[in-house]
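The structure appears right after this line, and notes come after that.
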Amino acid sequence: MQKLIRFLAAAALVLAFSSCSSPKPVNIDPIYNEERIEYDVDSMDISIYEENIYIFEVSPEKGENISVFDGTGKKLREFGMKNGHSGTCDIADGTIYTVYNLWEYDELGEYAPSRMILYSTDIETGDSEEICCFKNISYVYKVRAVGDKLYWIGTKKDAQPFEESILTSDDTLIYHSDLGNVFGYVDLNKGEIVETDISHPVAFSERNGRIYVYNYEEGKGYQFYDYTANAVICKTNKIKNINDFEIINDNADFVFTISDVQSPYVNTLTFTGMDNTSGIIQLDDGIYPYGFSAEGDYLCLSGGENFSDNEHKVYKYYVGNVSTENPPIRVITDSDIVRDFPLFSCGYQIKKDRLSSGEFSLTVLSLDKNYDMVMLDSSESCANEIKSKGSFYPLNDIPGVKEYIDGCFPGLKEAATDENGDIWMLPVSVDVPVIRYNVKNCAEKGISFSSDLSDFISNINKAYDYPEYFFCESYTVVRSMLTSYLSENDSFDTNVFRNIAGIIRKNYFSKALRNDSKVSSAFSNKMFEDPWLPDSELYKEIYDKALFALTPYLKEQKNSIGDESLLAAPIPTVNGVNSAFCTFISVNPNSEHLEETLLFIEKTVSRFANKKNGFIMADRTLYDEDPYTRSLYDIYANSKVFFTVPWEIYQDDFESCAKGVLELEDFIAEADRKLSAYLYE
């Protein structure tokens, strides 16, 4: 499906006839102290050939065109394409190979893609000729010419779509789907098309004439296959379902794009090795790569600012320093919450391992040298243990760390510093649950948002008659309320708690605390504005009438930045201070790679200290000035990370109490017993 969307986006690009301007070399905050060259050209495709960059573009004046630039960004020449181009190309031996999706009217009078045609174009004269027609292929995604063969991957016409979900031995859920992919080659001498029998090919790449295929094997998962040697390199599910990859060095390290828009590697320039042991290297973010071309030590990519961006600029990077040869920085966690968290690697190789609770505690408390950092969520029980027992490397003297922590919101600075003044952790992400609400629609219904729990629910009840236009789950409200309560109390045997519990029990089955709605999706601007995504009209219909949505995570909250219709409001807490849930990293003082790990920390704080709209730093100049962002800023500024009793210790019992299955006094007695065991035993 993602490849189908990519095809549609490419088709829209051709019809848009975007204009082009001169390329410009720009200095970004570099990871490898190298210059990134940015070509301000809206590209359909790119190719590096003999150190020059060939950019395939579309303009209203010239139609489909190829512009050629040298490695410094200087434009050398340009020439028109005599035949069409549909977003995939390769250059070899002085010849440009392009595939064009010919659109024709069918027997029903519909204008639709009918044939994929392979053309060759002389790189000097621009003369073209047709090589063959992919009659049984609906779309070709990628081509690479090697010798007298041109390898390709595409989707067969009238093929049966395939999808499968499996659970691996380490409890990783793998989902794969394709529309009938096939990998093959064209005999360039004869113009004959050959299809291979490789099952469910996903992507392929070439380096020094060697062909590597990434494919899915039913019931087992993904693997890398050396087509040239007819041998499986390794079976690996570490990156799951990718869109494409391009090998960048002789060790078969590669850059990749990934299909899952929820993946932590979306909108980053991301590398890894063709094995199960290497980690992840991220060089740049804020870019969604659509296509790659690599030659020697350089990588060129065509990409947008996000998944749905149809304007593709071109960027060139030096990647000669990218390597997975050395051991990665090993990050361990026992948390499902942060297992897939996007910890940006700042050019270092990072490998994240999820351990069981027993393995994690034993590894951390036994002074093990075989890990470099821990990564946890503040709500985890071991987070407070690490802070209180001092199993960390104090970061005060690492360049930039103290300045970074001093610049954080006060609640984060307090959380990161222990009673001795040691900086024991770095916050890398913070989530404060908020209500995103449409100001006009809520005002018309008389809905406001109070910091008092009873008033909060009473106001939400005014939305009863519009169930499809609001969303306020009980889980987040209850958890945030009780987290703030336990920050000031070590017992549930208080009148304050009895009052909270009574309000929650009274409203547990009401419409006010609902658990299903599309409003949250509708508030995510990019989702409902993207014409290629399904249900876009439905999202628009909901958005126009939406009232509010409780949104626990910053990632979704930030989707509404700049939306003039919305504001953010906090949810109730006991003490008026918003409950923040923080993902953080701490350094193992016994790490065998301590020097490299501390350099990573130094690079990380340098990057975070200037990150726009990060909701960690207190500096208001780092945030947009629209009313929604300002309201969100005020909520995060008035938040605190509470290292309290883990939610799971009393969650099941409290839910039974809220449902009326367990009497309130029985809950208090049982919960206090568990609290005492956790706090004092």
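Convention: chains lettered A, B, ... in structure tokens order; per-chain residue numbering from 1; ligands numbered from 1 as shown.
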
Give me, as a ChimeraX atom specification, all polymer residues having an atom no more than 10 Å from Cys442 (chain A), counting only C-alpha atoms and skipping those fewer than 5 positions away in the same chain. /A:437,447-449,460,462-463,545-548

Find the distance between CA of Met81 (chain A) and CA of Glu64 (chain A) and write it in Å to one decimal. 5.6 Å

Using only C-alpha atoms, which of the listed residues (A:Val428, A:Leu594, A:Val661, A:Ala415) sits closest to Pro328 (chain A)?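 Distance minimum relative to Pro328 (chain A) lands on A:Leu594.
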
Let's see if you can do this: from backbone DSSP, list all strand (DSSP E) residues in region 90-285 of chain A, as a PyMOL selection string. chain A and resi 90-92+95-105+111-122+128-134+137-146+149-156+162-167+173-178+181-187+192-195+201-207+210-217+221-226+231-235+242-247+254-258+268-272+280-285

Å distance separating CA of Thr324 (chain A) from CA of Val143 (chain A), one decimal place: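 Between CA of Thr324 (chain A) and CA of Val143 (chain A) the gap works out to 26.7 Å.
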
Might you pull out every residue within 9 Å of Ile668 (chain A), with only C-alpha atoms counted and same-chain residues fewer than 4 positions away left off, and present them as a PyMOL selection string? chain A and resi 491-493+663-664+672-673

Just checking: using only C-alpha atoms, which residue out of A:Ser631, A:Ser205, A:Thr168, A:Thr476 ends up closest to Ala145 (chain A)? A:Ser205

Using only C-alpha atoms, find each residue of region 197-220 of chain A with at least one atom at most 10 Å away from an atom of region 248-264 of chain A; report its shortest atom-to-atom pair and that distance in Å (one decimal), sort the rows by chain and rising residue number, and return the result as a Markdown table.
```
| residue | atom | partner | partner_atom | distance |
| --- | --- | --- | --- | --- |
| A:Ala203 | CA | A:Phe256 | CA | 9.8 |
| A:Ser205 | CA | A:Phe254 | CA | 9.0 |
| A:Glu206 | CA | A:Ile248 | CA | 9.5 |
| A:Arg207 | CA | A:Asp250 | CA | 7.4 |
| A:Asn208 | CA | A:Asp250 | CA | 8.1 |
| A:Tyr212 | CA | A:Ala252 | CA | 9.2 |
```

Selection export as a PDB file, in the first residue's frame, atoms kept: N, CA and C atoms:
```pdb
ATOM      1  N   ALA A 203      12.517  -5.003  -1.600  1.00  0.00           N
ATOM      2  CA  ALA A 203      13.411  -3.992  -2.166  1.00  0.00           C
ATOM      3  C   ALA A 203      14.709  -4.680  -2.572  1.00  0.00           C
ATOM      4  N   SER A 205      19.104  -3.708  -3.890  1.00  0.00           N
ATOM      5  CA  SER A 205      20.144  -2.712  -4.107  1.00  0.00           C
ATOM      6  C   SER A 205      21.332  -3.385  -4.776  1.00  0.00           C
ATOM      7  N   GLU A 206      22.254  -2.549  -5.262  1.00  0.00           N
ATOM      8  CA  GLU A 206      23.436  -3.056  -5.971  1.00  0.00           C
ATOM      9  C   GLU A 206      24.672  -2.299  -5.513  1.00  0.00           C
ATOM     10  N   ARG A 207      25.786  -3.022  -5.355  1.00  0.00           N
ATOM     11  CA  ARG A 207      27.080  -2.399  -5.058  1.00  0.00           C
ATOM     12  C   ARG A 207      28.160  -3.190  -5.776  1.00  0.00           C
ATOM     13  N   ASN A 208      28.950  -2.518  -6.573  1.00  0.00           N
ATOM     14  CA  ASN A 208      30.049  -3.154  -7.302  1.00  0.00           C
ATOM     15  C   ASN A 208      29.588  -4.369  -8.103  1.00  0.00           C
ATOM     16  N   TYR A 212      21.645  -7.397  -4.075  1.00  0.00           N
ATOM     17  CA  TYR A 212      21.116  -7.827  -2.778  1.00  0.00           C
ATOM     18  C   TYR A 212      19.607  -7.568  -2.757  1.00  0.00           C
TER      19      TYR A 212
END
```
